[in-house]
file data-v1.txt (compact mmCIF, C-alpha atoms)
# COMPACT_ATOMS: atom_id res chain seq x y z
CA MET A 12 56.82 -19.45 45.60
CA SER A 13 53.78 -17.48 46.78
CA MET A 14 53.87 -15.37 43.61
CA MET A 15 53.98 -18.50 41.47
CA PHE A 16 51.04 -19.91 43.39
CA ALA A 17 49.08 -16.67 42.94
CA ALA A 18 49.84 -16.59 39.23
CA THR A 19 48.77 -20.22 38.84
CA ALA A 20 45.57 -19.52 40.77
CA LEU A 21 44.75 -16.54 38.55
CA ILE A 22 45.36 -18.55 35.40
CA GLY A 23 43.16 -21.33 36.75
CA LEU A 24 40.45 -18.83 37.63
CA GLY A 25 40.63 -17.32 34.15
CA VAL A 26 40.39 -20.72 32.48
CA GLY A 27 37.48 -21.67 34.73
CA LEU A 28 35.58 -18.44 34.02
CA THR A 29 36.17 -18.80 30.29
CA ALA A 30 34.93 -22.39 30.32
CA LEU A 31 31.86 -21.37 32.33
CA ARG A 32 31.15 -18.50 29.93
CA VAL A 33 31.49 -20.78 26.88
CA VAL A 34 29.11 -23.33 28.41
CA TRP A 35 26.63 -20.53 29.24
CA GLY A 36 26.76 -19.31 25.64
CA LYS A 37 26.02 -22.79 24.28
CA PHE A 38 23.02 -23.34 26.54
CA LYS A 39 19.89 -22.91 24.41
CA HIS A 40 16.18 -23.40 24.94
CA LYS A 41 15.08 -25.33 21.87
CA ASP A 42 11.62 -23.76 21.88
CA ALA A 43 13.13 -20.26 22.03
CA VAL A 44 15.41 -21.03 19.10
CA ASN A 45 12.43 -22.27 17.12
CA GLN A 46 10.33 -19.22 18.02
CA VAL A 47 12.93 -16.79 16.73
CA ASN A 48 13.60 -18.80 13.56
CA TYR A 49 9.94 -19.47 12.84
CA PHE A 50 9.16 -15.78 12.32
CA TYR A 51 11.36 -15.77 9.23
CA LYS A 52 10.11 -19.13 8.00
CA ARG A 53 6.48 -18.08 8.38
CA HIS A 54 7.03 -14.92 6.33
CA ALA A 55 9.53 -16.37 3.86
CA ASP A 56 7.32 -15.59 0.84
CA HIS A 57 7.34 -11.88 1.71
CA ILE A 58 10.95 -11.45 2.76
CA LYS A 59 13.49 -9.89 0.43
CA LYS A 60 17.15 -8.94 0.75
CA LEU A 61 18.39 -5.51 -0.26
CA LYS A 62 21.87 -4.02 -0.43
CA PHE A 63 22.60 -0.87 1.57
CA HIS A 64 26.19 0.41 1.86
CA ASN A 65 27.34 -3.02 0.62
CA GLN A 66 25.49 -4.71 3.47
CA THR A 67 22.48 -7.03 3.16
CA ILE A 68 19.30 -5.87 4.87
CA VAL A 69 16.46 -8.32 5.39
CA VAL A 70 13.08 -6.71 4.62
CA LEU A 71 9.54 -7.98 5.13
CA ASP A 72 7.02 -6.58 2.66
CA LYS A 73 3.47 -7.95 2.90
CA PRO A 74 1.06 -6.57 0.28
CA GLY A 75 -2.21 -4.92 1.18
CA ASP A 76 -4.96 -2.61 -0.03
CA ALA A 77 -3.35 0.20 -2.04
CA ASN A 78 -5.92 2.63 -0.62
CA LYS A 79 -4.96 1.90 3.00
CA GLU A 80 -1.94 3.30 4.79
CA VAL A 81 1.34 1.44 4.53
CA ILE A 82 2.65 0.58 8.01
CA LEU A 83 6.42 0.72 8.44
CA PHE A 84 7.68 -0.91 11.65
CA ILE A 85 11.08 0.15 13.03
CA HIS A 86 12.52 -1.88 15.90
CA GLY A 87 14.71 -0.62 18.73
CA SER A 88 18.43 -0.87 19.37
CA CYS A 89 20.07 -4.29 18.99
CA ALA A 90 16.61 -5.78 18.38
CA ARG A 91 14.80 -7.27 15.36
CA MET A 92 11.62 -6.90 13.34
CA GLY A 93 10.20 -10.09 14.87
CA GLN A 94 9.37 -8.08 17.99
CA TRP A 95 6.55 -6.59 15.92
CA GLU A 96 5.11 -10.00 14.97
CA HIS A 97 1.72 -9.38 16.63
CA GLN A 98 1.35 -5.98 14.96
CA ILE A 99 2.49 -7.28 11.57
CA ALA A 100 -0.21 -9.96 11.70
CA ALA A 101 -2.93 -7.61 12.97
CA PHE A 102 -2.38 -4.84 10.41
CA ALA A 103 -2.02 -7.31 7.55
CA ASP A 104 -5.36 -8.80 8.63
CA HIS A 105 -6.86 -5.30 8.44
CA GLY A 106 -5.72 -4.96 4.84
CA HIS A 107 -2.70 -2.73 5.33
CA ARG A 108 0.51 -3.24 3.44
CA VAL A 109 3.11 -3.98 6.12
CA VAL A 110 6.83 -3.30 5.84
CA ALA A 111 9.44 -4.14 8.49
CA TYR A 112 13.16 -4.80 8.44
CA ASP A 113 16.14 -5.91 10.49
CA ALA A 114 18.54 -3.00 10.79
CA ILE A 115 22.23 -3.57 10.10
CA GLY A 116 23.70 -5.73 12.85
CA CYS A 117 20.29 -7.03 13.88
CA GLY A 118 18.19 -10.11 13.21
CA GLN A 119 19.17 -11.75 9.93
CA SER A 120 20.74 -8.67 8.34
CA ASP A 121 24.51 -8.42 7.94
CA LYS A 122 26.56 -7.73 11.05
CA PRO A 123 29.76 -5.94 9.98
CA ASP A 124 32.45 -5.22 12.54
CA ASN A 125 32.60 -1.58 11.49
CA LYS A 126 31.78 1.13 14.02
CA ASP A 127 30.71 3.57 11.30
CA MET A 128 27.75 1.31 10.42
CA TYR A 129 26.28 1.65 13.92
CA GLN A 130 26.14 5.43 14.17
CA PRO A 131 22.62 6.80 14.81
CA SER A 132 22.64 8.56 11.44
CA LYS A 133 23.16 5.22 9.66
CA PHE A 134 19.97 3.82 11.22
CA VAL A 135 18.06 6.88 10.02
CA ASP A 136 19.60 6.50 6.56
CA THR A 137 18.51 2.85 6.52
CA ALA A 138 14.90 3.73 7.31
CA ASP A 139 14.96 6.42 4.63
CA PHE A 140 16.37 3.88 2.17
CA ILE A 141 13.48 1.52 2.96
CA ILE A 142 10.89 4.25 2.47
CA GLN A 143 12.34 5.38 -0.85
CA ASN A 144 13.22 1.99 -2.34
CA VAL A 145 10.51 -0.29 -0.97
CA ILE A 146 7.48 1.91 -0.27
CA ALA A 147 7.63 5.11 -2.35
CA SER A 148 8.86 3.27 -5.44
CA CYS A 149 5.74 1.08 -5.55
CA PRO A 150 3.55 2.37 -8.44
CA LYS A 151 0.36 0.88 -6.94
CA ARG A 152 0.62 2.77 -3.64
CA LYS A 153 -2.07 5.42 -3.19
CA ALA A 154 -2.11 6.02 0.57
CA LYS A 155 0.57 7.50 2.79
CA VAL A 156 2.84 5.84 5.33
CA VAL A 157 2.41 5.31 9.06
CA ILE A 158 5.79 4.99 10.76
CA ALA A 159 5.77 2.96 13.98
CA GLY A 160 8.96 2.97 16.04
CA HIS A 161 9.84 1.31 19.33
CA SER A 162 12.45 2.51 21.83
CA PHE A 163 15.46 3.79 19.84
CA GLY A 164 13.24 3.22 16.80
CA THR A 165 11.17 6.23 17.91
CA TYR A 166 14.23 8.42 17.39
CA VAL A 167 14.68 6.90 13.92
CA ALA A 168 10.98 7.43 13.18
CA LEU A 169 11.13 11.09 14.17
CA ARG A 170 14.22 11.77 12.10
CA VAL A 171 13.09 9.89 8.99
CA ALA A 172 9.67 11.58 9.13
CA GLU A 173 11.46 14.93 8.81
CA ARG A 174 12.89 13.76 5.49
CA ASN A 175 9.57 12.45 4.13
CA LEU A 176 6.92 14.96 5.18
CA SER A 177 4.93 14.45 1.97
CA LEU A 178 4.81 10.67 2.42
CA VAL A 179 4.15 10.22 6.14
CA SER A 180 0.61 10.57 7.50
CA HIS A 181 1.08 9.39 11.12
CA LYS A 182 3.77 8.44 13.60
CA VAL A 183 3.41 5.84 16.35
CA LEU A 184 6.11 6.23 19.00
CA ILE A 185 6.28 3.43 21.57
CA GLY A 186 8.59 3.59 24.57
CA GLY A 187 10.26 6.77 23.35
CA THR A 188 11.77 9.89 24.86
CA ALA A 189 12.72 13.34 23.60
CA MET A 190 16.45 12.82 24.07
CA TRP A 191 18.00 9.52 25.06
CA GLN A 192 20.85 11.21 26.88
CA ASP A 193 18.29 12.60 29.35
CA ILE A 194 17.22 9.20 30.68
CA PRO A 195 18.10 9.01 34.40
CA GLY A 196 21.40 7.22 34.94
CA MET A 197 22.09 6.81 31.21
CA LYS A 198 25.68 8.08 31.36
CA SER A 199 26.63 5.77 34.21
CA LYS A 200 24.89 2.82 32.52
CA LEU A 201 26.79 3.43 29.29
CA ALA A 202 30.16 3.69 31.04
CA ILE A 203 30.45 -0.10 31.02
CA PHE A 204 30.71 -0.06 27.22
CA GLY A 205 34.06 1.66 27.60
CA LEU A 206 35.45 -1.72 28.61
CA PRO A 207 37.29 -3.85 26.01
CA ASN A 208 35.06 -6.18 24.00
CA VAL A 209 36.61 -9.24 25.58
CA MET A 210 35.48 -8.01 28.99
CA LEU A 211 32.00 -7.34 27.63
CA TRP A 212 31.93 -10.91 26.35
CA TYR A 213 32.47 -12.19 29.88
CA LEU A 214 29.87 -9.78 31.28
CA ARG A 215 27.32 -10.42 28.57
CA PRO A 216 25.07 -12.84 30.56
CA ILE A 217 24.83 -10.28 33.37
CA LEU A 218 24.14 -7.44 30.95
CA GLY A 219 21.43 -9.48 29.24
CA MET A 220 19.67 -10.40 32.46
CA SER A 221 19.88 -6.81 33.71
CA PHE A 222 18.34 -5.44 30.53
CA GLN A 223 15.57 -8.02 30.50
CA LYS A 224 14.70 -7.15 34.08
CA LEU A 225 14.14 -3.56 32.98
CA ALA A 226 12.52 -4.31 29.61
CA LEU A 227 9.90 -6.86 30.66
CA SER A 228 7.31 -6.61 33.39
CA LYS A 229 7.27 -9.10 36.23
CA LYS A 230 4.23 -10.81 34.76
CA ALA A 231 5.85 -11.41 31.34
CA CYS A 232 5.62 -15.09 30.44
CA HIS A 233 8.66 -17.37 30.43
CA ARG A 234 8.16 -18.05 26.71
CA LEU A 235 8.67 -14.36 25.89
CA ARG A 236 11.65 -14.10 28.23
CA ARG A 237 13.38 -17.08 26.66
CA GLN A 238 12.60 -15.85 23.15
CA GLU A 239 14.12 -12.43 23.80
CA ALA A 240 17.15 -13.95 25.51
CA GLU A 241 17.75 -16.20 22.49
CA ALA A 242 17.39 -13.35 20.00
CA SER A 243 19.71 -11.12 22.02
CA SER A 244 22.34 -13.87 22.30
CA ARG A 245 22.74 -13.79 18.50
CA ASN A 246 24.00 -10.19 18.54
CA PRO A 247 27.81 -10.05 18.31
CA VAL A 248 29.48 -8.23 21.20
CA TYR A 249 31.16 -5.81 18.79
CA MET A 250 27.76 -4.86 17.36
CA PHE A 251 26.12 -3.68 20.55
CA ALA A 252 29.44 -2.22 21.76
CA HIS A 253 29.76 -0.10 18.59
CA PHE A 254 26.13 1.01 18.90
CA TRP A 255 26.27 2.16 22.51
CA ARG A 256 29.66 3.83 22.06
CA SER A 257 28.07 5.94 19.30
CA ILE A 258 24.90 6.92 21.16
CA HIS A 259 26.35 10.33 22.08
CA GLN A 260 26.01 11.27 18.40
CA LEU A 261 22.22 11.50 18.65
CA GLU A 262 20.86 14.77 17.34
CA GLN A 263 17.77 16.60 18.54
CA PRO A 264 14.87 15.67 16.23
CA VAL A 265 12.67 18.29 14.61
CA PHE A 266 9.18 17.89 16.05
CA THR A 267 6.89 18.11 13.03
CA ASP A 268 3.11 18.45 13.28
CA ILE A 269 2.47 15.03 11.73
CA PRO A 270 -0.19 13.41 13.95
CA SER A 271 1.54 11.19 16.50
CA LEU A 272 0.53 8.58 19.02
CA CYS A 273 2.91 8.17 21.96
CA LEU A 274 2.49 4.93 23.89
CA THR A 275 4.28 3.64 26.97
CA GLY A 276 3.95 0.74 29.36
CA VAL A 277 2.82 1.71 32.83
CA ASP A 278 5.81 -0.18 34.31
CA ASP A 279 8.41 0.93 31.76
CA GLN A 280 11.74 1.37 33.56
CA ILE A 281 13.85 2.19 30.50
CA THR A 282 11.79 5.08 29.15
CA PRO A 283 9.43 5.77 32.07
CA PRO A 284 5.92 7.11 31.35
CA GLY A 285 7.02 10.59 32.43
CA LYS A 286 9.67 10.68 29.70
CA CYS A 287 7.23 9.49 27.06
CA SER A 288 4.70 12.06 28.24
CA SER A 289 7.33 14.80 27.90
CA LEU A 290 8.00 13.70 24.34
CA CYS A 291 4.28 13.83 23.62
CA GLN A 292 4.06 17.38 24.97
CA MET A 293 6.89 18.49 22.68
CA LEU A 294 5.09 17.22 19.59
CA PRO A 295 2.61 19.76 18.15
CA ASN A 296 -0.08 17.22 17.28
CA ALA A 297 0.20 14.20 19.57
CA THR A 298 -1.91 11.85 21.67
CA PHE A 299 -0.55 10.09 24.77
CA GLY A 300 -1.55 6.63 25.91
CA ILE A 301 -0.51 4.30 28.72
CA VAL A 302 -0.71 0.52 28.32
CA GLU A 303 -1.57 -1.27 31.54
CA GLY A 304 0.28 -4.43 32.52
CA ALA A 305 3.34 -3.77 30.36
CA SER A 306 6.89 -2.52 30.65
CA HIS A 307 9.23 -1.43 27.84
CA GLN A 308 8.41 -4.26 25.41
CA VAL A 309 4.81 -3.12 25.41
CA MET A 310 3.89 -4.34 21.92
CA GLN A 311 5.02 -7.87 22.85
CA GLU A 312 3.57 -7.98 26.36
CA GLU A 313 0.15 -6.50 25.61
CA PRO A 314 -0.28 -6.81 21.83
CA ALA A 315 -4.10 -6.70 21.84
CA GLN A 316 -4.17 -3.39 23.73
CA VAL A 317 -1.44 -1.87 21.57
CA ASN A 318 -3.01 -3.01 18.29
CA GLU A 319 -6.40 -1.57 19.21
CA MET A 320 -4.90 1.74 20.33
CA ILE A 321 -2.97 2.13 17.09
CA LEU A 322 -5.86 1.08 14.87
CA SER A 323 -8.23 3.44 16.66
CA PHE A 324 -5.74 6.30 16.37
CA ILE A 325 -5.29 5.80 12.62
CA ARG A 326 -9.03 5.40 12.09
CA GLU A 327 -9.93 8.53 14.07
CA ARG A 328 -7.27 10.65 12.40
CA ARG A 329 -8.31 9.40 8.97
CA GLU A 330 -11.95 10.28 9.64
CA LYS A 331 -10.93 13.68 10.99
CA SER A 332 -8.89 14.47 7.90
CA VAL A 333 -11.81 13.49 5.65
CA SER A 334 -14.31 15.61 7.57
CA THR A 335 -12.00 18.65 7.72
CA PRO A 336 -12.21 20.66 4.48
CA SER A 337 -8.88 21.53 2.88
CA HIS A 338 -7.94 25.16 2.39
call {"tool": "encode", "arguments": {"input": "data-v1.txt", "output": "structure tokens"}}
result
Amino acid sequence: MSMMFAATALIGLGVGLTALRVVWGKFKHKDAVNQVNYFYKRHADHIKKLKFHNQTIVVLDKPGDANKEVILFIHGSCARMGQWEHQIAAFADHGHRVVAYDAIGCGQSDKPDNKDMYQPSKFVDTADFIIQNVIASCPKRKAKVVIAGHSFGTYVALRVAERNLSLVSHKVLIGGTAMWQDIPGMKSKLAIFGLPNVMLWYLRPILGMSFQKLALSKKACHRLRRQEAEASSRNPVYMFAHFWRSIHQLEQPVFTDIPSLCLTGVDDQITPPGKCSSLCQMLPNATFGIVEGASHQVMQEEPAQVNEMILSFIRERREKSVSTPSH
């Protein structure tokens, strides 16, 4: 009798937890939903869809002055190009052609349940595909490319720059590190992704809140918090599970002498300033900068600071290259 009671109690608990989890998943902030959707609506005239490995990739391509650098924005893991919205607007206003995209599994791009599509090498291949088929193929382009990557996107930026040395003039690496496996506590944090996907589905609200606590500073506004929570909730569990289970496949990048700007938030807890500084020291031709009042999502939390630092870096390096005679 006691065993029957225990079994009934467990079943009831399971049903209750499932119902609670379903209700949690359906709870939406209308303004956050609109914020995420509006990015794509606002840029609809400059968004195109391309096929890569039989998957649709959503690409933003805003035209600019052919004599100014093309800026390619690469978002981080399980993120989206909309996180660069302030930079996209600022650099377009300064006359630059701006290109950004949602990687496979992210934003409005296809989200296949195929672990091979979420290997680190596939994200590098995607960025290379964008450079070759969107940027380099443009006959009007005269200037080179500035690659800006955030978080895991810095790894992608470093690797894709190796493949396109003749096309890339600068790299902007925000919230990056030399090797992601070296982040304190990374192995223990990733152990949870060894759980079955159904368990991750139950744990998802906790995982999301834990990540946001690390990614955003305490002073981040509620609007940004809700927006990021909404965007993250659209990622299928299998997508982020496949990604993090493949992270051990990261390869050591080749640190080229392409001029680089390494930025980090002073309160970044995911890639702390010390890690970003170490990356900067490993690059032969790099400048290090700390953004006050920001954590990991530095370009969203302090966009004005970040935009000015990047613009100044590009401007100074451009002037330096003009004033330095070629040999």
call {"tool": "residues_around", "arguments": {"input": "data-v1.txt", "residues": "A:Cys273", "least_positions_apart": "2", "cutoff": "10 Å", "atoms": "all atoms listed in the file", "output": "tab-separated table (two decimals) with C-alpha atoms, in the frame of the given file"}}
result
chain	number	residue	atom	x	y	z
A	159	ALA	CA	5.77	2.96	13.98
A	160	GLY	CA	8.96	2.97	16.04
A	165	THR	CA	11.17	6.23	17.91
A	182	LYS	CA	3.77	8.44	13.60
A	183	VAL	CA	3.41	5.84	16.35
A	184	LEU	CA	6.11	6.23	19.00
A	185	ILE	CA	6.28	3.43	21.57
A	186	GLY	CA	8.59	3.59	24.57
A	187	GLY	CA	10.26	6.77	23.35
A	188	THR	CA	11.77	9.89	24.86
A	271	SER	CA	1.54	11.19	16.50
A	275	THR	CA	4.28	3.64	26.97
A	284	PRO	CA	5.92	7.11	31.35
A	287	CYS	CA	7.23	9.49	27.06
A	288	SER	CA	4.70	12.06	28.24
A	289	SER	CA	7.33	14.80	27.90
A	290	LEU	CA	8.00	13.70	24.34
A	291	CYS	CA	4.28	13.83	23.62
A	292	GLN	CA	4.06	17.38	24.97
A	294	LEU	CA	5.09	17.22	19.59
A	297	ALA	CA	0.20	14.20	19.57
A	298	THR	CA	-1.91	11.85	21.67
A	299	PHE	CA	-0.55	10.09	24.77
A	300	GLY	CA	-1.55	6.63	25.91
A	301	ILE	CA	-0.51	4.30	28.72
A	321	ILE	CA	-2.97	2.13	17.09
call {"tool": "residues_around", "arguments": {"input": "data-v1.txt", "residues": "stretch 97-99 of chain A", "least_positions_apart": "3", "cutoff": "8 Å", "atoms": "all atoms listed in the file", "output": "list in words"}}
result
Gln94, Phe102, Ala103, Val109, Met310, Gln311, Pro314 and Asn318 of chain A
call {"tool": "residues_around", "arguments": {"input": "data-v1.txt", "residues": "A:Cys89", "least_positions_apart": "5", "cutoff": "8 Å", "atoms": "all atoms listed in the file", "output": "list in words"}}
result
Gly116, Cys117, Ser243, Asn246, Met250 and Phe251 of chain A
call {"tool": "closest_residue", "arguments": {"input": "data-v1.txt", "among": "A:Leu272, A:Ile141, A:Ala189, A:Val309", "to": "A:Met293", "atoms": "only C-alpha atoms"}}
result
A:Ala189
call {"tool": "atom_distance", "arguments": {"input": "data-v1.txt", "atom1": "atom CA of A:Tyr49", "atom2": "atom CA of A:Asp136"}}
result
28.4 Å
call {"tool": "atom_distance", "arguments": {"input": "data-v1.txt", "atom1": "atom CA of A:Ser88", "atom2": "atom CA of A:Leu274"}}
result
17.6 Å
call {"tool": "build_atoms", "arguments": {"input": "data-v1.txt", "residues": "stretch 145-157 of chain A", "atoms": "N, CA, C and O atoms", "output": "PDB file, in the frame of the given file"}}
result
ATOM      1  N   VAL A 145      11.493   0.783  -1.131  1.00  0.00           N
ATOM      2  CA  VAL A 145      10.510  -0.290  -0.970  1.00  0.00           C
ATOM      3  C   VAL A 145       9.086   0.257  -1.037  1.00  0.00           C
ATOM      4  O   VAL A 145       8.222  -0.326  -1.681  1.00  0.00           O
ATOM      5  N   ILE A 146       8.854   1.389  -0.383  1.00  0.00           N
ATOM      6  CA  ILE A 146       7.480   1.910  -0.270  1.00  0.00           C
ATOM      7  C   ILE A 146       7.175   2.932  -1.359  1.00  0.00           C
ATOM      8  O   ILE A 146       6.255   2.755  -2.163  1.00  0.00           O
ATOM      9  N   ALA A 147       7.932   4.026  -1.413  1.00  0.00           N
ATOM     10  CA  ALA A 147       7.630   5.110  -2.350  1.00  0.00           C
ATOM     11  C   ALA A 147       7.764   4.675  -3.802  1.00  0.00           C
ATOM     12  O   ALA A 147       7.091   5.217  -4.684  1.00  0.00           O
ATOM     13  N   SER A 148       8.618   3.707  -4.061  1.00  0.00           N
ATOM     14  CA  SER A 148       8.860   3.270  -5.440  1.00  0.00           C
ATOM     15  C   SER A 148       7.755   2.373  -5.979  1.00  0.00           C
ATOM     16  O   SER A 148       7.736   2.064  -7.179  1.00  0.00           O
ATOM     17  N   CYS A 149       6.820   1.966  -5.115  1.00  0.00           N
ATOM     18  CA  CYS A 149       5.740   1.080  -5.550  1.00  0.00           C
ATOM     19  C   CYS A 149       4.697   1.880  -6.340  1.00  0.00           C
ATOM     20  O   CYS A 149       4.050   2.776  -5.779  1.00  0.00           O
ATOM     21  N   PRO A 150       4.477   1.578  -7.610  1.00  0.00           N
ATOM     22  CA  PRO A 150       3.550   2.370  -8.440  1.00  0.00           C
ATOM     23  C   PRO A 150       2.080   2.206  -8.029  1.00  0.00           C
ATOM     24  O   PRO A 150       1.256   3.067  -8.340  1.00  0.00           O
ATOM     25  N   LYS A 151       1.745   1.120  -7.319  1.00  0.00           N
ATOM     26  CA  LYS A 151       0.360   0.880  -6.940  1.00  0.00           C
ATOM     27  C   LYS A 151      -0.051   1.614  -5.657  1.00  0.00           C
ATOM     28  O   LYS A 151      -1.230   1.688  -5.339  1.00  0.00           O
ATOM     29  N   ARG A 152       0.924   2.128  -4.929  1.00  0.00           N
ATOM     30  CA  ARG A 152       0.620   2.770  -3.640  1.00  0.00           C
ATOM     31  C   ARG A 152      -0.158   4.064  -3.864  1.00  0.00           C
ATOM     32  O   ARG A 152       0.229   4.910  -4.661  1.00  0.00           O
ATOM     33  N   LYS A 153      -1.268   4.207  -3.122  1.00  0.00           N
ATOM     34  CA  LYS A 153      -2.070   5.420  -3.190  1.00  0.00           C
ATOM     35  C   LYS A 153      -2.105   6.161  -1.852  1.00  0.00           C
ATOM     36  O   LYS A 153      -2.215   7.380  -1.812  1.00  0.00           O
ATOM     37  N   ALA A 154      -2.039   5.418  -0.763  1.00  0.00           N
ATOM     38  CA  ALA A 154      -2.110   6.020   0.570  1.00  0.00           C
ATOM     39  C   ALA A 154      -0.719   6.352   1.092  1.00  0.00           C
ATOM     40  O   ALA A 154       0.297   5.951   0.528  1.00  0.00           O
ATOM     41  N   LYS A 155      -0.700   7.089   2.189  1.00  0.00           N
ATOM     42  CA  LYS A 155       0.570   7.500   2.790  1.00  0.00           C
ATOM     43  C   LYS A 155       1.086   6.425   3.747  1.00  0.00           C
ATOM     44  O   LYS A 155       0.554   5.331   3.835  1.00  0.00           O
ATOM     45  N   VAL A 156       2.137   6.783   4.467  1.00  0.00           N
ATOM     46  CA  VAL A 156       2.840   5.840   5.330  1.00  0.00           C
ATOM     47  C   VAL A 156       2.644   6.189   6.799  1.00  0.00           C
ATOM     48  O   VAL A 156       2.708   7.359   7.179  1.00  0.00           O
ATOM     49  N   VAL A 157       2.407   5.167   7.599  1.00  0.00           N
ATOM     50  CA  VAL A 157       2.410   5.310   9.060  1.00  0.00           C
ATOM     51  C   VAL A 157       3.721   4.697   9.545  1.00  0.00           C
ATOM     52  O   VAL A 157       4.008   3.532   9.273  1.00  0.00           O
TER      53      VAL A 157
END
